[in-house]
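Enquirer: What follows is start_2.cif, made up of mmCIF, C-alpha atoms:
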```
data_work
#
loop_
_atom_site.label_atom_id
_atom_site.label_comp_id
_atom_site.auth_asym_id
_atom_site.auth_seq_id
_atom_site.Cartn_x
_atom_site.Cartn_y
_atom_site.Cartn_z
CA MET A 291 0.00 0.00 0.00
CA ASN A 292 1.16 3.52 -0.79
CA TYR A 293 -0.53 6.62 0.58
CA SER A 294 -0.19 10.26 -0.35
CA LEU A 295 0.65 12.24 2.80
CA TRP A 296 -0.07 15.94 3.23
CA ILE A 297 0.53 18.49 5.98
CA LEU A 298 -1.87 21.43 5.62
CA GLU A 299 -1.19 24.66 7.50
CA TYR A 300 -4.36 26.54 8.37
CA GLY A 301 -2.78 29.27 10.48
CA TYR A 302 0.25 30.48 12.35
CA VAL A 303 1.41 32.53 15.31
CA ASP A 304 4.37 34.67 14.35
CA ARG A 305 6.23 35.07 17.65
CA PHE A 306 5.79 32.01 19.84
CA PRO A 307 8.25 31.72 22.75
CA ALA A 308 10.70 28.89 22.15
CA SER A 309 10.62 28.26 25.90
CA ASN A 310 7.09 26.88 25.32
CA LEU A 311 8.50 24.32 22.89
CA PHE A 312 11.67 23.18 24.66
CA ALA A 313 11.65 22.38 28.38
CA ALA A 314 14.08 24.31 30.60
CA GLN A 315 15.39 26.46 27.72
CA PRO A 316 14.52 30.07 28.65
CA ASN A 317 16.78 31.98 26.25
CA GLU A 318 16.06 30.54 22.82
CA GLY A 319 14.03 33.45 21.44
CA HIS A 320 10.87 32.94 19.38
CA ARG A 321 9.63 30.71 16.56
CA ARG A 322 6.85 31.00 14.02
CA MET A 323 4.35 28.41 15.26
CA PRO A 324 2.33 26.75 12.46
CA TYR A 325 -1.08 25.24 13.13
CA CYS A 326 -1.51 22.17 10.93
CA PHE A 327 -3.39 18.96 10.35
CA GLY A 328 -2.59 15.91 8.23
CA VAL A 329 -4.26 14.25 5.25
CA ILE A 330 -3.71 10.63 4.24
CA ARG A 331 -5.08 9.69 0.82
CA SER A 332 -5.30 6.63 -1.36
CA ALA A 333 -7.53 5.70 -4.27
CA ASP A 334 -10.39 4.82 -1.92
CA ARG A 335 -9.58 6.51 1.42
CA CYS A 336 -9.38 10.07 2.72
CA ILE A 337 -8.22 10.26 6.34
CA LEU A 338 -7.51 13.32 8.48
CA VAL A 339 -4.98 13.38 11.27
CA ASP A 340 -6.58 15.99 13.55
CA THR A 341 -9.01 18.64 12.32
CA GLY A 342 -7.73 22.04 13.44
CA PHE A 343 -10.10 24.69 14.78
CA ALA A 344 -12.05 27.75 13.65
CA ASP A 345 -12.98 30.27 16.34
CA ARG A 346 -12.84 34.04 15.90
CA ALA A 347 -12.54 34.69 19.64
CA VAL A 348 -9.52 32.39 19.89
CA TYR A 349 -7.92 34.03 16.84
CA GLU A 350 -8.21 37.40 18.55
CA ARG A 351 -6.89 36.09 21.86
CA LEU A 352 -3.84 34.52 20.22
CA THR A 353 -3.17 37.64 18.15
CA ALA A 354 -3.26 39.81 21.27
CA LYS A 355 -0.85 37.46 23.00
CA TYR A 356 1.62 36.61 20.21
CA GLY A 357 1.43 39.39 17.63
CA GLU A 358 0.76 38.72 13.96
CA THR A 359 -1.38 35.67 13.20
CA ARG A 360 -3.11 34.29 10.07
CA TRP A 361 -6.06 31.90 10.00
CA ALA A 362 -8.26 29.99 7.56
CA HIS A 363 -11.03 27.48 8.24
CA PRO A 364 -9.67 23.92 7.84
CA VAL A 365 -12.52 23.09 5.45
CA ASP A 366 -11.41 25.94 3.19
CA VAL A 367 -7.81 24.75 3.33
CA LEU A 368 -8.91 21.24 2.34
CA ALA A 369 -10.83 22.70 -0.60
CA ARG A 370 -7.57 24.14 -1.94
CA VAL A 371 -6.27 20.57 -2.40
CA GLY A 372 -9.55 19.28 -3.81
CA VAL A 373 -11.04 17.60 -0.73
CA ARG A 374 -14.68 18.08 0.27
CA PRO A 375 -15.85 17.36 3.86
CA GLU A 376 -18.04 14.46 2.75
CA GLN A 377 -15.00 12.73 1.21
CA VAL A 378 -13.34 12.39 4.61
CA ASP A 379 -14.13 8.88 5.88
CA THR A 380 -11.91 8.77 8.99
CA ILE A 381 -10.47 11.18 11.54
CA LEU A 382 -7.54 10.17 13.75
CA LEU A 383 -7.18 12.56 16.69
CA THR A 384 -3.73 12.68 18.26
CA HIS A 385 -5.16 14.26 21.41
CA ASN A 386 -7.99 16.36 22.83
CA HIS A 387 -6.87 19.95 22.42
CA PHE A 388 -8.97 22.63 20.77
CA ASP A 389 -6.52 23.20 17.91
CA HIS A 390 -6.49 19.50 17.04
CA ALA A 391 -10.11 18.47 17.67
CA GLY A 392 -12.05 21.66 17.12
CA CYS A 393 -13.79 20.99 13.81
CA ILE A 394 -14.97 17.39 13.81
CA ASP A 395 -18.57 18.57 13.33
CA ALA A 396 -17.54 19.73 9.86
CA PHE A 397 -17.08 16.08 8.86
CA PRO A 398 -20.33 14.44 9.98
CA THR A 399 -19.82 11.12 8.18
CA ALA A 400 -16.21 10.57 9.30
CA HIS A 401 -15.43 7.87 11.86
CA VAL A 402 -13.37 9.39 14.70
CA HIS A 403 -10.65 7.47 16.56
CA LEU A 404 -9.18 8.64 19.88
CA GLN A 405 -7.52 6.88 22.78
CA ARG A 406 -9.98 5.89 25.52
CA ARG A 407 -7.42 7.05 28.07
CA GLU A 408 -7.58 10.57 26.61
CA VAL A 409 -11.33 10.83 27.13
CA GLU A 410 -11.38 9.24 30.56
CA SER A 411 -8.47 11.36 31.78
CA TYR A 412 -10.13 14.54 30.54
CA LEU A 413 -13.42 13.71 32.29
CA ALA A 414 -11.57 12.93 35.52
CA ALA A 415 -9.59 16.18 35.32
CA ALA A 416 -12.72 18.23 34.53
CA ALA A 417 -14.37 16.86 37.68
CA ARG A 418 -11.56 18.17 39.91
CA PRO A 419 -11.69 21.56 41.71
CA GLY A 420 -11.02 24.72 39.75
CA ARG A 421 -7.45 24.97 40.98
CA PHE A 422 -6.62 22.04 38.65
CA GLU A 423 -7.79 23.96 35.56
CA PHE A 424 -4.32 23.68 34.00
CA LEU A 425 -5.15 20.06 33.11
CA THR A 426 -8.12 21.04 30.94
CA ARG A 427 -7.22 24.57 29.81
CA SER A 428 -6.52 23.70 26.17
CA CYS A 429 -9.04 20.89 25.79
CA GLN A 430 -12.05 20.69 23.49
CA ALA A 431 -14.62 20.45 26.27
CA ASP A 432 -17.44 18.91 24.26
CA LEU A 433 -15.34 16.24 22.53
CA PRO A 434 -16.49 13.38 24.82
CA GLN A 435 -20.12 14.18 23.99
CA ARG A 436 -19.34 14.35 20.27
CA MET A 437 -17.56 10.99 20.48
CA ALA A 438 -20.60 9.49 22.20
CA THR A 439 -23.11 10.63 19.57
CA GLY A 440 -21.23 10.22 16.27
CA PRO A 441 -19.45 7.34 14.56
CA ALA A 442 -16.43 6.87 16.83
CA THR A 443 -14.03 4.37 18.35
CA LEU A 444 -12.26 4.73 21.69
CA VAL A 445 -8.97 2.96 21.18
CA ASP A 446 -7.12 0.98 23.84
CA GLY A 447 -3.43 1.22 22.98
CA PHE A 448 -2.12 0.06 19.60
CA ALA A 449 -4.56 -0.30 16.72
CA GLU A 450 -4.38 -0.74 12.96
CA VAL A 451 -7.12 1.38 11.40
CA ALA A 452 -6.28 0.61 7.75
CA PRO A 453 -3.57 -1.40 5.99
CA GLY A 454 -0.29 0.28 6.91
CA ILE A 455 -1.87 2.87 9.23
CA GLU A 456 -1.34 2.38 12.97
CA LEU A 457 -2.30 4.27 16.08
CA ARG A 458 0.52 4.11 18.61
CA PRO A 459 -0.05 5.30 22.20
CA ALA A 460 2.13 8.04 23.66
CA HIS A 461 0.45 8.22 27.04
CA ASP A 462 1.46 10.73 29.71
CA THR A 463 3.52 12.82 27.31
CA HIS A 464 1.85 15.91 25.81
CA THR A 465 -1.45 14.71 27.25
CA ALA A 466 -2.57 11.74 29.32
CA GLY A 467 -3.86 9.82 26.30
CA SER A 468 -1.81 11.16 23.41
CA GLN A 469 -1.26 8.97 20.39
CA VAL A 470 0.77 9.21 17.18
CA VAL A 471 -0.21 8.00 13.72
CA ALA A 472 2.30 5.84 11.84
CA VAL A 473 1.87 5.34 8.09
CA THR A 474 3.99 2.73 6.32
CA ASN A 475 4.37 2.98 2.56
CA ALA A 476 5.95 0.26 0.44
CA ALA A 477 7.90 2.89 -1.50
CA ASP A 478 9.34 5.05 1.25
CA GLY A 479 8.94 3.37 4.63
CA THR A 480 7.25 4.67 7.78
CA TRP A 481 6.14 8.24 8.44
CA VAL A 482 4.86 9.46 11.81
CA PHE A 483 2.32 12.18 12.56
CA ALA A 484 3.46 13.10 16.08
CA GLY A 485 0.78 15.61 17.04
CA ASP A 486 2.24 18.03 19.59
CA ASN A 487 4.80 15.57 20.87
CA VAL A 488 7.35 16.98 18.42
CA TYR A 489 7.33 20.68 17.55
CA SER A 490 10.66 20.85 15.79
CA TYR A 491 13.47 18.60 14.57
CA GLN A 492 15.38 20.21 17.44
CA ASN A 493 13.26 18.26 19.94
CA LEU A 494 14.80 15.08 18.51
CA GLU A 495 18.18 16.26 17.23
CA GLY A 496 19.13 18.67 20.00
CA LEU A 497 18.81 22.44 20.17
CA HIS A 498 22.19 22.92 18.54
CA GLY A 499 22.47 19.66 16.68
CA ASP A 500 24.21 17.97 19.59
CA GLY A 501 21.97 14.89 19.56
CA VAL A 502 20.62 15.52 23.07
CA LEU A 503 16.85 15.05 23.15
CA ALA A 504 15.06 18.29 24.06
CA PRO A 505 11.71 17.46 25.75
CA ILE A 506 8.63 19.44 24.87
CA ALA A 507 7.68 22.09 27.39
CA MET A 508 3.90 22.10 26.90
CA THR A 509 2.81 18.90 28.61
CA THR A 510 0.60 17.45 31.32
CA GLY A 511 2.77 14.33 31.39
CA SER A 512 6.41 13.98 32.33
CA ALA A 513 9.69 14.79 30.63
CA ALA A 514 11.02 11.35 31.53
CA THR A 515 8.11 9.62 29.81
CA TRP A 516 8.52 11.85 26.76
CA LEU A 517 12.23 10.97 26.56
CA ASP A 518 11.41 7.25 26.44
CA PHE A 519 8.72 7.90 23.82
CA ALA A 520 11.06 9.98 21.64
CA ASP A 521 13.88 7.47 21.93
CA GLY A 522 11.56 4.66 20.80
#
```
For this file, write the structure as structure tokens.

Expert:
Amino acid sequence: MNYSLWILEYGYVDRFPASNLFAAQPNEGHRRMPYCFGVIRSADRCILVDTGFADRAVYERLTAKYGETRWAHPVDVLARVGVRPEQVDTILLTHNHFDHAGCIDAFPTAHVHLQRREVESYLAAAARPGRFEFLTRSCQADLPQRMATGPATLVDGFAEVAPGIELRPAHDTHTAGSQVVAVTNAADGTWVFAGDNVYSYQNLEGLHGDGVLAPIAMTTGSAATWLDFADG
């Protein structure tokens, strides 16, 4: 099997602090932070890895915080590469954050896959007192309800969702139930959609090319767990 793989950028934040991307690195300046989702296509399949978000209030909040931003609705970005919402048959969510799971309603016939641990951990965190709001601050609050009413699968660990397409758990890293999507093509091997568990090649190659893994800073899991995940 060979799939066509796409990364579609639907927005960006121009001056995002690098200290938010690399743990314990306070003096690395800023980066342009792209907001993206993935498309996996074959002759008979159209699969999204995450869905992005579209929310004017959030656009304005991010612009006020980070300076210049640009945004387009993910559906409009898909149209530029010839994909209509009804063509999307499957959505693979790497995790439950608003910028990754904010538009699943735009694809009403797509079957959504998410780790069960991600949903259960979110519900448990949301039930805690307000002082624990950090755990749910970036989450798509209504995602559990959407998963319960639409075509959806809560995945327990590893799963093959199509020939050559695997869901691989990355629990307790960026989020409690994060997962990555691995796509293996006969022609060019395995590609991984890492969600927010890798922001830059520097996370894996070292901030200055020294080969020392640089853990992500934005996480509700642990740096030690991320290091084992990244080294796998």

Enquirer: What do you get, as an MDAnalysis selection string, if you spell out every residue that the PyMOL selection byres ((chain A and resi 453-466) around 7) selects here?

Expert: chainID A and resid 291 385 407:408 411 447:452 467:475 486:487 508:512 515:516 519

Enquirer: So which one's closest to Gly357 of chain A, A:Asp521, A:Asp304, A:Glu423, A:Asp500? Using all atoms listed in the file, please.

Expert: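 Of the candidates, the smallest distance to Gly357 of chain A is held by A:Asp304.
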
Enquirer: Go ahead and compute the interatomic distance for atom CA of Ala391 of chain A and atom CA of Thr359 of chain A, in Å to one decimal.

Expert: 19.8 Å

Enquirer: Go through A:His387, A:Phe483, A:Phe422, A:Arg351 and flag the residue nearest Leu338 of chain A, using only C-alpha atoms for the distances.

Expert: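 So, comparing all the options, the nearest one is A:Phe483.
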
Enquirer: Could you tell me how far atom CA of Ser428 of chain A lies from atom CA of Gly301 of chain A, in Å and to one decimal?

Expert: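 If I compute the distance from atom CA of Ser428 of chain A to atom CA of Gly301 of chain A, I get 17.1 Å.
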
Enquirer: Please write as a PyMOL selection string the full residue list that the PyMOL selection byres ((chain A and resi 371-382) around 6) yields on this file.

Expert: chain A and resi 336-340+368-370+383+397+400-403

Enquirer: Applying the PyMOL selection byres ((chain A and resi 320-332) around 6) to the file I just gave you, which residues come out? Please list them as a list in words.

Expert: Tyr293, Ser294, Leu295, Trp296, Ile297, Leu298, Glu299, Tyr300, Gly301, Tyr302, Val303, Asp304, Arg305, Phe306, Pro307, Ala308, Gly319, Ala333, Asp334, Arg335, Cys336, Ile337, Leu338, Val339, Asp340 and Thr341 of chain A

Enquirer: Using atom CA of Phe388 of chain A and atom CA of Glu350 of chain A as the two end points, give the distance in Å to one decimal.

Expert: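 So the two atoms, atom CA of Phe388 of chain A and atom CA of Glu350 of chain A, lie 15.0 Å apart.
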
Enquirer: Using only C-alpha atoms, which of the listed residues (A:Gly479, A:Gly496, A:Gly485, A:Pro441) sits closest to Asn292 of chain A?

Expert: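 Result for the nearest residue to Asn292 of chain A: A:Gly479.
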
Enquirer: Neighbouring residues of Asn493 of chain A were defined as those with any atom within 9 Å, considering only C-alpha atoms; residues of the same chain fewer than 5 positions away were excluded. Please report them as a VMD selection string.

Expert: chain A and resid 311 to 312 487 to 488 502 to 506 520

Enquirer: Taking (-8.2, 28.9, 7.5) in the file's coordinates as the center, which residues reach within 9 Å of it, counting all atoms listed in the file, put as an MDAnalysis selection string?

Expert: chainID A and resid 299:301 343:344 360:367

Enquirer: Nearest to Gln430 of chain A among A:Asp345, A:Ser309, A:Ala514, A:Glu495, with distances taken over all atoms listed in the file: which residue is it?

Expert: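 When distances to Gln430 of chain A are compared using all atoms listed in the file, the smallest one comes from A:Asp345.
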
Enquirer: Taking every listed atom of segment 466-478 of chain A and adding 4 Å to each side, what centre and edge lengths in Å (one decimal) does the axis-aligned box have, as AutoDock Vina command-line options?

Expert:
```
--center_x 2.7 --center_y 6.0 --center_z 13.9 --size_x 21.2 --size_y 19.5 --size_z 38.8
```
